[in-house]
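Just below is one structure, and these are the notes that go with it.
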Amino acid sequence: MSEVDFFKQLKVKIHKSIMSVYDLTDQFPKSELYGTVSQLKRAIVSIMLNFVEGFGRRRPKVKLNFFEISYGSARECKYLIFLACERKWITKNQYDGLFGLLDEISAMLWSMITGLEKQIKE
């Protein structure tokens, strides 16, 4: 798979996760609007924003920094949806679907990170 195809595939997955989070947070308690809902929305969008900004950078070390931030945001989202499931704000099926998607996104980002680290060492 070419780098551009990989980028497009990952971008589609990230966008799907953003749409899912925006839909799911509609069912969170109103008391969480300025807490968990706000944080989860910022974190899920951060995955995309840092990914596309990193992809647009030329220098491998700069790209790596943005991809690592994107990966960290994905990890943050995984915890927040776990919390939402534990609090019964989302169903187990909703949790499983989004968590699985975030696992795929995380693995793809990790692949890009490790590839860049090898490139930088060479």
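By convention in this document, the chains of the structure tokens carry letters A, B, ... by their order, each chain's residues are numbered from 1, and ligands are numbered from 1 in the order they are shown.
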Can you write out as JSON lines which residues of range 19-52 of chain A fall within 8 Å of range 89-107 of chain A, alongside each residue's closest atom pair and its distance in Å to one decimal, counting only C-alpha atoms and ordering rows by chain and ascending residue number?
```
{"residue": "A:Ser20", "atom": "CA", "partner": "A:Leu98", "partner_atom": "CA", "distance": 7.3}
{"residue": "A:Leu24", "atom": "CA", "partner": "A:Ile90", "partner_atom": "CA", "distance": 7.1}
{"residue": "A:Gln27", "atom": "CA", "partner": "A:Trp89", "partner_atom": "CA", "distance": 6.7}
{"residue": "A:Phe28", "atom": "CA", "partner": "A:Trp89", "partner_atom": "CA", "distance": 5.4}
{"residue": "A:Pro29", "atom": "CA", "partner": "A:Trp89", "partner_atom": "CA", "distance": 7.4}
```
Selection export as a PDB file, in the first residue's frame, atoms kept: N, CA and C atoms:
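Once everything was written out, this is out-v8.pdb:
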```pdb
ATOM      1  N   SER A  20     -18.631   9.100  15.205  1.00  0.00           N
ATOM      2  CA  SER A  20     -19.180   8.209  16.221  1.00  0.00           C
ATOM      3  C   SER A  20     -19.194   8.878  17.590  1.00  0.00           C
ATOM      4  N   LEU A  24     -22.363   9.601  19.873  1.00  0.00           N
ATOM      5  CA  LEU A  24     -22.473   8.953  21.181  1.00  0.00           C
ATOM      6  C   LEU A  24     -22.583   9.947  22.319  1.00  0.00           C
ATOM      7  N   GLN A  27     -25.855  11.265  24.023  1.00  0.00           N
ATOM      8  CA  GLN A  27     -26.601  10.521  25.044  1.00  0.00           C
ATOM      9  C   GLN A  27     -25.947  10.595  26.428  1.00  0.00           C
ATOM     10  N   PHE A  28     -24.828  11.297  26.553  1.00  0.00           N
ATOM     11  CA  PHE A  28     -24.193  11.458  27.859  1.00  0.00           C
ATOM     12  C   PHE A  28     -25.057  12.378  28.715  1.00  0.00           C
ATOM     13  N   PRO A  29     -24.940  12.265  30.031  1.00  0.00           N
ATOM     14  CA  PRO A  29     -25.705  13.167  30.902  1.00  0.00           C
ATOM     15  C   PRO A  29     -25.306  14.630  30.660  1.00  0.00           C
TER      16      PRO A  29
END
```
*Within 8 Å of Asn50 in chain A, counting only C-alpha atoms, which residues qualify if same-chain residues fewer than 4 places away don't, as a list of chain:residue names?*
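Listing them by chain and then by number gives A:Ser46, A:Gly54, A:Phe66, A:Phe67, A:Ile69, A:Ser70.
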Let me see the file: selected residues, all heavy atoms, as a PDB file, in the first residue's frame.
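Result went into part_12.pdb, see below:
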```
ATOM      1  N   SER A  46      -8.414  15.918  18.010  1.00  0.00           N
ATOM      2  CA  SER A  46      -6.957  16.058  18.080  1.00  0.00           C
ATOM      3  C   SER A  46      -6.233  14.937  17.333  1.00  0.00           C
ATOM      4  O   SER A  46      -5.166  15.165  16.763  1.00  0.00           O
ATOM      5  CB  SER A  46      -6.512  16.076  19.549  1.00  0.00           C
ATOM      6  OG  SER A  46      -5.111  16.069  19.649  1.00  0.00           O
ATOM      7  N   GLY A  54       0.938  16.572  10.885  1.00  0.00           N
ATOM      8  CA  GLY A  54       2.190  15.819  10.775  1.00  0.00           C
ATOM      9  C   GLY A  54       2.440  15.326   9.366  1.00  0.00           C
ATOM     10  O   GLY A  54       3.560  15.373   8.860  1.00  0.00           O
ATOM     11  N   PHE A  66       4.182  15.103  15.705  1.00  0.00           N
ATOM     12  CA  PHE A  66       2.737  15.217  15.504  1.00  0.00           C
ATOM     13  C   PHE A  66       2.053  13.852  15.557  1.00  0.00           C
ATOM     14  O   PHE A  66       0.963  13.721  16.119  1.00  0.00           O
ATOM     15  CB  PHE A  66       2.423  15.921  14.185  1.00  0.00           C
ATOM     16  CG  PHE A  66       2.580  17.414  14.282  1.00  0.00           C
ATOM     17  CD1 PHE A  66       3.691  18.040  13.752  1.00  0.00           C
ATOM     18  CD2 PHE A  66       1.617  18.190  14.913  1.00  0.00           C
ATOM     19  CE1 PHE A  66       3.845  19.411  13.839  1.00  0.00           C
ATOM     20  CE2 PHE A  66       1.760  19.570  15.007  1.00  0.00           C
ATOM     21  CZ  PHE A  66       2.882  20.177  14.467  1.00  0.00           C
ATOM     22  N   PHE A  67       2.675  12.834  14.982  1.00  0.00           N
ATOM     23  CA  PHE A  67       2.081  11.499  15.005  1.00  0.00           C
ATOM     24  C   PHE A  67       2.033  10.945  16.429  1.00  0.00           C
ATOM     25  O   PHE A  67       1.088  10.245  16.800  1.00  0.00           O
ATOM     26  CB  PHE A  67       2.821  10.538  14.077  1.00  0.00           C
ATOM     27  CG  PHE A  67       2.685  10.859  12.611  1.00  0.00           C
ATOM     28  CD1 PHE A  67       3.589  10.373  11.707  1.00  0.00           C
ATOM     29  CD2 PHE A  67       1.653  11.662  12.136  1.00  0.00           C
ATOM     30  CE1 PHE A  67       3.478  10.655  10.346  1.00  0.00           C
ATOM     31  CE2 PHE A  67       1.525  11.955  10.784  1.00  0.00           C
ATOM     32  CZ  PHE A  67       2.444  11.446   9.887  1.00  0.00           C
ATOM     33  N   ILE A  69       1.682  12.779  19.157  1.00  0.00           N
ATOM     34  CA  ILE A  69       0.583  13.485  19.821  1.00  0.00           C
ATOM     35  C   ILE A  69      -0.748  12.867  19.396  1.00  0.00           C
ATOM     36  O   ILE A  69      -1.636  12.640  20.233  1.00  0.00           O
ATOM     37  CB  ILE A  69       0.627  14.996  19.509  1.00  0.00           C
ATOM     38  CG1 ILE A  69       1.870  15.635  20.143  1.00  0.00           C
ATOM     39  CG2 ILE A  69      -0.651  15.692  20.013  1.00  0.00           C
ATOM     40  CD1 ILE A  69       2.167  17.044  19.658  1.00  0.00           C
ATOM     41  N   SER A  70      -0.886  12.574  18.122  1.00  0.00           N
ATOM     42  CA  SER A  70      -2.103  11.942  17.610  1.00  0.00           C
ATOM     43  C   SER A  70      -2.324  10.589  18.292  1.00  0.00           C
ATOM     44  O   SER A  70      -3.442  10.274  18.723  1.00  0.00           O
ATOM     45  CB  SER A  70      -1.978  11.763  16.091  1.00  0.00           C
ATOM     46  OG  SER A  70      -3.151  11.249  15.533  1.00  0.00           O
TER      47      SER A  70
END
```
Which of chain A end up as alpha helix (DSSP H) when DSSP is run on this backbone - answer as a short mmCIF file (atom, residue, chain, number, x, y, z; two decimals) with N, CA, C and O atoms, in the first residue's frame?
```cif
data_model
loop_
_atom_site.label_atom_id
_atom_site.label_comp_id
_atom_site.auth_asym_id
_atom_site.auth_seq_id
_atom_site.Cartn_x
_atom_site.Cartn_y
_atom_site.Cartn_z
N GLU A 3 2.02 5.21 0.53
CA GLU A 3 1.89 6.11 1.67
C GLU A 3 0.60 6.93 1.56
O GLU A 3 -0.10 7.15 2.55
N VAL A 4 0.26 7.36 0.35
CA VAL A 4 -0.95 8.16 0.15
C VAL A 4 -2.20 7.32 0.42
O VAL A 4 -3.14 7.79 1.07
N ASP A 5 -2.22 6.05 -0.03
CA ASP A 5 -3.37 5.17 0.23
C ASP A 5 -3.51 4.91 1.73
O ASP A 5 -4.62 4.89 2.26
N PHE A 6 -2.38 4.68 2.41
CA PHE A 6 -2.38 4.46 3.84
C PHE A 6 -2.95 5.70 4.55
O PHE A 6 -3.80 5.59 5.44
N PHE A 7 -2.49 6.88 4.12
CA PHE A 7 -2.96 8.14 4.68
C PHE A 7 -4.48 8.26 4.52
O PHE A 7 -5.19 8.57 5.47
N LYS A 8 -4.99 7.97 3.31
CA LYS A 8 -6.42 8.08 3.05
C LYS A 8 -7.21 7.09 3.91
O LYS A 8 -8.26 7.44 4.46
N GLN A 9 -6.72 5.85 4.01
CA GLN A 9 -7.42 4.83 4.80
C GLN A 9 -7.47 5.23 6.27
O GLN A 9 -8.51 5.12 6.92
N LEU A 10 -6.35 5.72 6.79
CA LEU A 10 -6.31 6.13 8.19
C LEU A 10 -7.20 7.36 8.42
O LEU A 10 -7.93 7.43 9.41
N LYS A 11 -7.17 8.29 7.48
CA LYS A 11 -7.99 9.49 7.59
C LYS A 11 -9.48 9.13 7.64
O LYS A 11 -10.24 9.70 8.43
N VAL A 12 -9.90 8.18 6.83
CA VAL A 12 -11.30 7.74 6.83
C VAL A 12 -11.67 7.12 8.17
O VAL A 12 -12.73 7.40 8.73
N LYS A 13 -10.78 6.28 8.73
CA LYS A 13 -11.05 5.65 10.02
C LYS A 13 -11.15 6.70 11.13
O LYS A 13 -12.02 6.62 12.00
N ILE A 14 -10.24 7.66 11.10
CA ILE A 14 -10.27 8.71 12.12
C ILE A 14 -11.57 9.52 12.01
O ILE A 14 -12.23 9.80 13.01
N HIS A 15 -11.94 9.87 10.78
CA HIS A 15 -13.18 10.64 10.59
C HIS A 15 -14.39 9.84 11.10
O HIS A 15 -15.27 10.41 11.76
N LYS A 16 -14.40 8.56 10.81
CA LYS A 16 -15.50 7.71 11.29
C LYS A 16 -15.57 7.73 12.82
O LYS A 16 -16.66 7.79 13.40
N SER A 17 -14.41 7.69 13.48
CA SER A 17 -14.39 7.72 14.94
C SER A 17 -14.87 9.06 15.47
O SER A 17 -15.58 9.12 16.49
N ILE A 18 -14.55 10.15 14.77
CA ILE A 18 -15.02 11.48 15.18
C ILE A 18 -16.55 11.54 15.10
O ILE A 18 -17.21 11.99 16.04
N MET A 19 -17.09 11.08 14.00
CA MET A 19 -18.54 11.09 13.82
C MET A 19 -19.22 10.24 14.90
O MET A 19 -20.24 10.63 15.46
N SER A 20 -18.63 9.10 15.21
CA SER A 20 -19.18 8.21 16.22
C SER A 20 -19.19 8.88 17.59
O SER A 20 -20.19 8.82 18.32
N VAL A 21 -18.09 9.52 17.95
CA VAL A 21 -18.01 10.20 19.25
C VAL A 21 -19.04 11.33 19.33
O VAL A 21 -19.73 11.47 20.34
N TYR A 22 -19.17 12.10 18.28
CA TYR A 22 -20.15 13.18 18.30
C TYR A 22 -21.57 12.64 18.47
O TYR A 22 -22.38 13.22 19.18
N ASP A 23 -21.86 11.51 17.82
CA ASP A 23 -23.18 10.90 17.98
C ASP A 23 -23.37 10.32 19.38
O ASP A 23 -24.41 10.52 20.01
N LEU A 24 -22.36 9.60 19.87
CA LEU A 24 -22.47 8.95 21.18
C LEU A 24 -22.58 9.95 22.32
O LEU A 24 -23.32 9.71 23.28
N SER A 38 -16.82 17.32 26.56
CA SER A 38 -15.90 18.30 25.98
C SER A 38 -14.51 17.69 25.77
O SER A 38 -13.89 17.85 24.71
N GLN A 39 -14.01 16.98 26.77
CA GLN A 39 -12.67 16.40 26.68
C GLN A 39 -12.61 15.33 25.60
O GLN A 39 -11.65 15.26 24.83
N LEU A 40 -13.62 14.48 25.52
CA LEU A 40 -13.64 13.42 24.51
C LEU A 40 -13.70 14.00 23.10
O LEU A 40 -12.99 13.55 22.20
N LYS A 41 -14.52 15.02 22.91
CA LYS A 41 -14.60 15.65 21.59
C LYS A 41 -13.28 16.31 21.21
O LYS A 41 -12.83 16.20 20.06
N ARG A 42 -12.64 16.99 22.15
CA ARG A 42 -11.35 17.62 21.85
C ARG A 42 -10.30 16.57 21.53
O ARG A 42 -9.51 16.73 20.59
N ALA A 43 -10.29 15.48 22.29
CA ALA A 43 -9.28 14.44 22.09
C ALA A 43 -9.48 13.72 20.75
O ALA A 43 -8.51 13.44 20.05
N ILE A 44 -10.73 13.42 20.39
CA ILE A 44 -10.98 12.68 19.15
C ILE A 44 -10.61 13.54 17.94
O ILE A 44 -10.03 13.05 16.97
N VAL A 45 -10.93 14.83 17.99
CA VAL A 45 -10.57 15.73 16.90
C VAL A 45 -9.05 15.93 16.86
O VAL A 45 -8.45 16.05 15.79
N SER A 46 -8.41 15.92 18.01
CA SER A 46 -6.96 16.06 18.08
C SER A 46 -6.23 14.94 17.33
O SER A 46 -5.17 15.16 16.76
N ILE A 47 -6.82 13.75 17.32
CA ILE A 47 -6.21 12.65 16.56
C ILE A 47 -6.06 13.08 15.11
O ILE A 47 -4.98 12.97 14.51
N MET A 48 -7.14 13.58 14.52
CA MET A 48 -7.12 13.97 13.11
C MET A 48 -6.24 15.19 12.88
O MET A 48 -5.42 15.20 11.95
N LEU A 49 -6.40 16.22 13.70
CA LEU A 49 -5.67 17.46 13.46
C LEU A 49 -4.15 17.25 13.52
O LEU A 49 -3.42 17.75 12.67
N ASN A 50 -3.70 16.49 14.50
CA ASN A 50 -2.26 16.25 14.60
C ASN A 50 -1.77 15.30 13.52
O ASN A 50 -0.66 15.46 13.01
N PHE A 51 -2.60 14.34 13.13
CA PHE A 51 -2.23 13.43 12.05
C PHE A 51 -2.05 14.18 10.73
O PHE A 51 -1.03 14.05 10.06
N VAL A 52 -3.03 14.99 10.35
CA VAL A 52 -2.92 15.69 9.07
C VAL A 52 -1.84 16.76 9.10
O VAL A 52 -1.16 16.98 8.10
N GLU A 53 -1.66 17.41 10.24
CA GLU A 53 -0.57 18.39 10.32
C GLU A 53 0.78 17.69 10.20
O GLU A 53 1.67 18.16 9.49
N GLY A 54 0.94 16.57 10.89
CA GLY A 54 2.19 15.82 10.78
C GLY A 54 2.44 15.33 9.37
O GLY A 54 3.56 15.37 8.86
N PHE A 55 1.39 14.86 8.71
CA PHE A 55 1.54 14.36 7.34
C PHE A 55 1.99 15.47 6.40
O PHE A 55 2.70 15.22 5.43
N PRO A 60 11.26 14.43 9.08
CA PRO A 60 10.80 13.24 9.82
C PRO A 60 10.63 13.47 11.32
O PRO A 60 9.66 12.98 11.90
N LYS A 61 11.53 14.23 11.95
CA LYS A 61 11.41 14.45 13.40
C LYS A 61 10.17 15.28 13.74
O LYS A 61 9.54 15.05 14.77
N VAL A 62 9.83 16.21 12.88
CA VAL A 62 8.64 17.03 13.10
C VAL A 62 7.39 16.18 12.88
O VAL A 62 6.45 16.23 13.67
N LYS A 63 7.39 15.40 11.80
CA LYS A 63 6.28 14.46 11.54
C LYS A 63 6.07 13.55 12.75
O LYS A 63 4.95 13.35 13.20
N LEU A 64 7.17 12.99 13.24
CA LEU A 64 7.12 12.07 14.37
C LEU A 64 6.44 12.70 15.57
O LEU A 64 5.58 12.07 16.21
N ASN A 65 6.77 13.93 15.87
CA ASN A 65 6.17 14.62 17.02
C ASN A 65 4.65 14.70 16.88
O ASN A 65 3.91 14.39 17.82
N PHE A 66 4.18 15.10 15.70
CA PHE A 66 2.74 15.22 15.50
C PHE A 66 2.05 13.85 15.56
O PHE A 66 0.96 13.72 16.12
N PHE A 67 2.67 12.83 14.98
CA PHE A 67 2.08 11.50 15.00
C PHE A 67 2.03 10.94 16.43
O PHE A 67 1.09 10.25 16.80
N GLU A 68 3.04 11.26 17.24
CA GLU A 68 3.03 10.82 18.63
C GLU A 68 1.91 11.51 19.42
O GLU A 68 1.26 10.88 20.26
N ILE A 69 1.68 12.78 19.16
CA ILE A 69 0.58 13.48 19.82
C ILE A 69 -0.75 12.87 19.40
O ILE A 69 -1.64 12.64 20.23
N SER A 70 -0.89 12.57 18.12
CA SER A 70 -2.10 11.94 17.61
C SER A 70 -2.32 10.59 18.29
O SER A 70 -3.44 10.27 18.72
N TYR A 71 -1.27 9.81 18.42
CA TYR A 71 -1.35 8.51 19.08
C TYR A 71 -1.76 8.68 20.55
O TYR A 71 -2.61 7.95 21.06
N GLY A 72 -1.18 9.66 21.22
CA GLY A 72 -1.54 9.92 22.62
C GLY A 72 -3.01 10.31 22.77
O GLY A 72 -3.68 9.88 23.71
N SER A 73 -3.52 11.07 21.83
CA SER A 73 -4.94 11.45 21.85
C SER A 73 -5.83 10.22 21.66
O SER A 73 -6.90 10.12 22.27
N ALA A 74 -5.39 9.30 20.81
CA ALA A 74 -6.16 8.06 20.61
C ALA A 74 -6.22 7.27 21.92
O ALA A 74 -7.28 6.74 22.28
N ARG A 75 -5.11 7.21 22.62
CA ARG A 75 -5.09 6.51 23.92
C ARG A 75 -6.00 7.18 24.92
O ARG A 75 -6.70 6.53 25.70
N GLU A 76 -6.00 8.50 24.92
CA GLU A 76 -6.87 9.26 25.81
C GLU A 76 -8.34 8.93 25.51
O GLU A 76 -9.14 8.69 26.43
N CYS A 77 -8.70 8.89 24.25
CA CYS A 77 -10.08 8.56 23.85
C CYS A 77 -10.47 7.16 24.30
O CYS A 77 -11.60 6.93 24.74
N LYS A 78 -9.53 6.22 24.21
CA LYS A 78 -9.84 4.85 24.61
C LYS A 78 -10.22 4.80 26.09
O LYS A 78 -11.16 4.11 26.47
N TYR A 79 -9.51 5.56 26.90
CA TYR A 79 -9.88 5.58 28.32
C TYR A 79 -11.24 6.26 28.53
O TYR A 79 -12.07 5.77 29.29
N LEU A 80 -11.46 7.37 27.86
CA LEU A 80 -12.71 8.10 28.06
C LEU A 80 -13.93 7.28 27.63
O LEU A 80 -14.97 7.34 28.28
N ILE A 81 -13.81 6.49 26.57
CA ILE A 81 -14.97 5.66 26.20
C ILE A 81 -15.10 4.47 27.15
O ILE A 81 -16.22 4.00 27.39
N PHE A 82 -13.99 4.01 27.72
CA PHE A 82 -14.07 2.99 28.76
C PHE A 82 -14.84 3.55 29.97
O PHE A 82 -15.74 2.91 30.50
N LEU A 83 -14.50 4.76 30.36
CA LEU A 83 -15.19 5.43 31.46
C LEU A 83 -16.68 5.57 31.15
O LEU A 83 -17.54 5.28 31.99
N ALA A 84 -16.99 5.98 29.93
CA ALA A 84 -18.40 6.14 29.53
C ALA A 84 -19.15 4.82 29.61
O ALA A 84 -20.31 4.79 30.04
N CYS A 85 -18.51 3.74 29.25
CA CYS A 85 -19.15 2.42 29.33
C CYS A 85 -19.34 2.01 30.79
O CYS A 85 -20.40 1.52 31.17
N GLU A 86 -18.33 2.23 31.59
CA GLU A 86 -18.42 1.90 33.02
C GLU A 86 -19.53 2.70 33.71
O GLU A 86 -20.20 2.18 34.60
N LYS A 92 -22.35 -1.58 25.88
CA LYS A 92 -21.16 -2.41 25.63
C LYS A 92 -20.91 -2.54 24.14
O LYS A 92 -19.76 -2.49 23.70
N ASN A 93 -21.96 -2.68 23.35
CA ASN A 93 -21.80 -2.78 21.89
C ASN A 93 -21.23 -1.48 21.31
O ASN A 93 -20.37 -1.52 20.42
N GLN A 94 -21.70 -0.35 21.78
CA GLN A 94 -21.16 0.94 21.32
C GLN A 94 -19.69 1.06 21.70
O GLN A 94 -18.86 1.49 20.90
N TYR A 95 -19.39 0.66 22.93
CA TYR A 95 -18.01 0.68 23.41
C TYR A 95 -17.13 -0.21 22.54
O TYR A 95 -16.07 0.22 22.07
N ASP A 96 -17.57 -1.45 22.32
CA ASP A 96 -16.78 -2.39 21.54
C ASP A 96 -16.49 -1.87 20.14
O ASP A 96 -15.36 -1.98 19.64
N GLY A 97 -17.50 -1.29 19.49
CA GLY A 97 -17.32 -0.78 18.13
C GLY A 97 -16.31 0.35 18.07
O GLY A 97 -15.39 0.33 17.25
N LEU A 98 -16.46 1.33 18.94
CA LEU A 98 -15.56 2.48 18.93
C LEU A 98 -14.18 2.10 19.44
O LEU A 98 -13.17 2.54 18.88
N PHE A 99 -14.11 1.27 20.47
CA PHE A 99 -12.81 0.86 20.99
C PHE A 99 -12.03 0.09 19.92
O PHE A 99 -10.83 0.29 19.75
N GLY A 100 -12.72 -0.79 19.19
CA GLY A 100 -12.08 -1.54 18.11
C GLY A 100 -11.54 -0.62 17.03
O GLY A 100 -10.42 -0.81 16.52
N LEU A 101 -12.32 0.38 16.67
CA LEU A 101 -11.88 1.34 15.67
C LEU A 101 -10.66 2.13 16.16
O LEU A 101 -9.70 2.34 15.42
N LEU A 102 -10.69 2.53 17.42
CA LEU A 102 -9.54 3.25 18.00
C LEU A 102 -8.31 2.35 18.09
O LEU A 102 -7.18 2.83 17.94
N ASP A 103 -8.51 1.05 18.31
CA ASP A 103 -7.39 0.10 18.28
C ASP A 103 -6.75 0.07 16.89
O ASP A 103 -5.52 0.08 16.77
N GLU A 104 -7.58 0.04 15.85
CA GLU A 104 -7.06 0.05 14.47
C GLU A 104 -6.29 1.33 14.19
O GLU A 104 -5.20 1.30 13.61
N ILE A 105 -6.88 2.45 14.57
CA ILE A 105 -6.23 3.75 14.37
C ILE A 105 -4.91 3.80 15.11
O ILE A 105 -3.88 4.22 14.55
N SER A 106 -4.91 3.36 16.36
CA SER A 106 -3.68 3.36 17.17
C SER A 106 -2.60 2.50 16.53
O SER A 106 -1.43 2.89 16.47
N ALA A 107 -2.97 1.33 16.04
CA ALA A 107 -2.00 0.43 15.41
C ALA A 107 -1.42 1.06 14.14
O ALA A 107 -0.21 0.95 13.88
N MET A 108 -2.26 1.71 13.36
CA MET A 108 -1.78 2.36 12.13
C MET A 108 -0.85 3.53 12.46
O MET A 108 0.19 3.71 11.82
N LEU A 109 -1.22 4.31 13.47
CA LEU A 109 -0.34 5.41 13.89
C LEU A 109 0.98 4.88 14.42
O LEU A 109 2.05 5.42 14.12
N TRP A 110 0.91 3.80 15.21
CA TRP A 110 2.12 3.22 15.78
C TRP A 110 3.05 2.74 14.66
O TRP A 110 4.27 2.89 14.74
N SER A 111 2.47 2.17 13.63
CA SER A 111 3.25 1.72 12.47
C SER A 111 3.97 2.90 11.82
O SER A 111 5.15 2.79 11.45
N MET A 112 3.29 4.01 11.69
CA MET A 112 3.91 5.21 11.12
C MET A 112 5.02 5.74 12.03
O MET A 112 6.08 6.16 11.57
N ILE A 113 4.76 5.71 13.32
CA ILE A 113 5.75 6.20 14.29
C ILE A 113 7.01 5.35 14.24
O ILE A 113 8.12 5.89 14.16
N THR A 114 6.86 4.04 14.28
CA THR A 114 8.05 3.17 14.27
C THR A 114 8.81 3.27 12.95
O THR A 114 10.03 3.23 12.92
N GLY A 115 8.07 3.46 11.85
CA GLY A 115 8.73 3.65 10.55
C GLY A 115 9.54 4.91 10.51
O GLY A 115 10.67 4.93 10.00
N LEU A 116 9.00 5.98 11.06
CA LEU A 116 9.74 7.24 11.11
C LEU A 116 10.94 7.15 12.03
O LEU A 116 12.00 7.71 11.72
N GLU A 117 10.79 6.46 13.15
CA GLU A 117 11.93 6.29 14.07
C GLU A 117 13.07 5.57 13.38
O GLU A 117 14.24 5.96 13.54
N LYS A 118 12.77 4.56 12.59
CA LYS A 118 13.81 3.84 11.84
C LYS A 118 14.46 4.76 10.81
O LYS A 118 15.68 4.77 10.66
N GLN A 119 13.63 5.54 10.14
CA GLN A 119 14.14 6.47 9.13
C GLN A 119 15.07 7.51 9.76
O GLN A 119 16.10 7.85 9.19
N ILE A 120 14.72 8.00 10.92
CA ILE A 120 15.53 9.01 11.61
C ILE A 120 16.88 8.43 12.04
O ILE A 120 17.91 9.10 11.96
N LYS A 121 16.88 7.17 12.48
CA LYS A 121 18.12 6.54 12.95
C LYS A 121 19.10 6.26 11.81
O LYS A 121 20.30 6.18 12.03
#
```
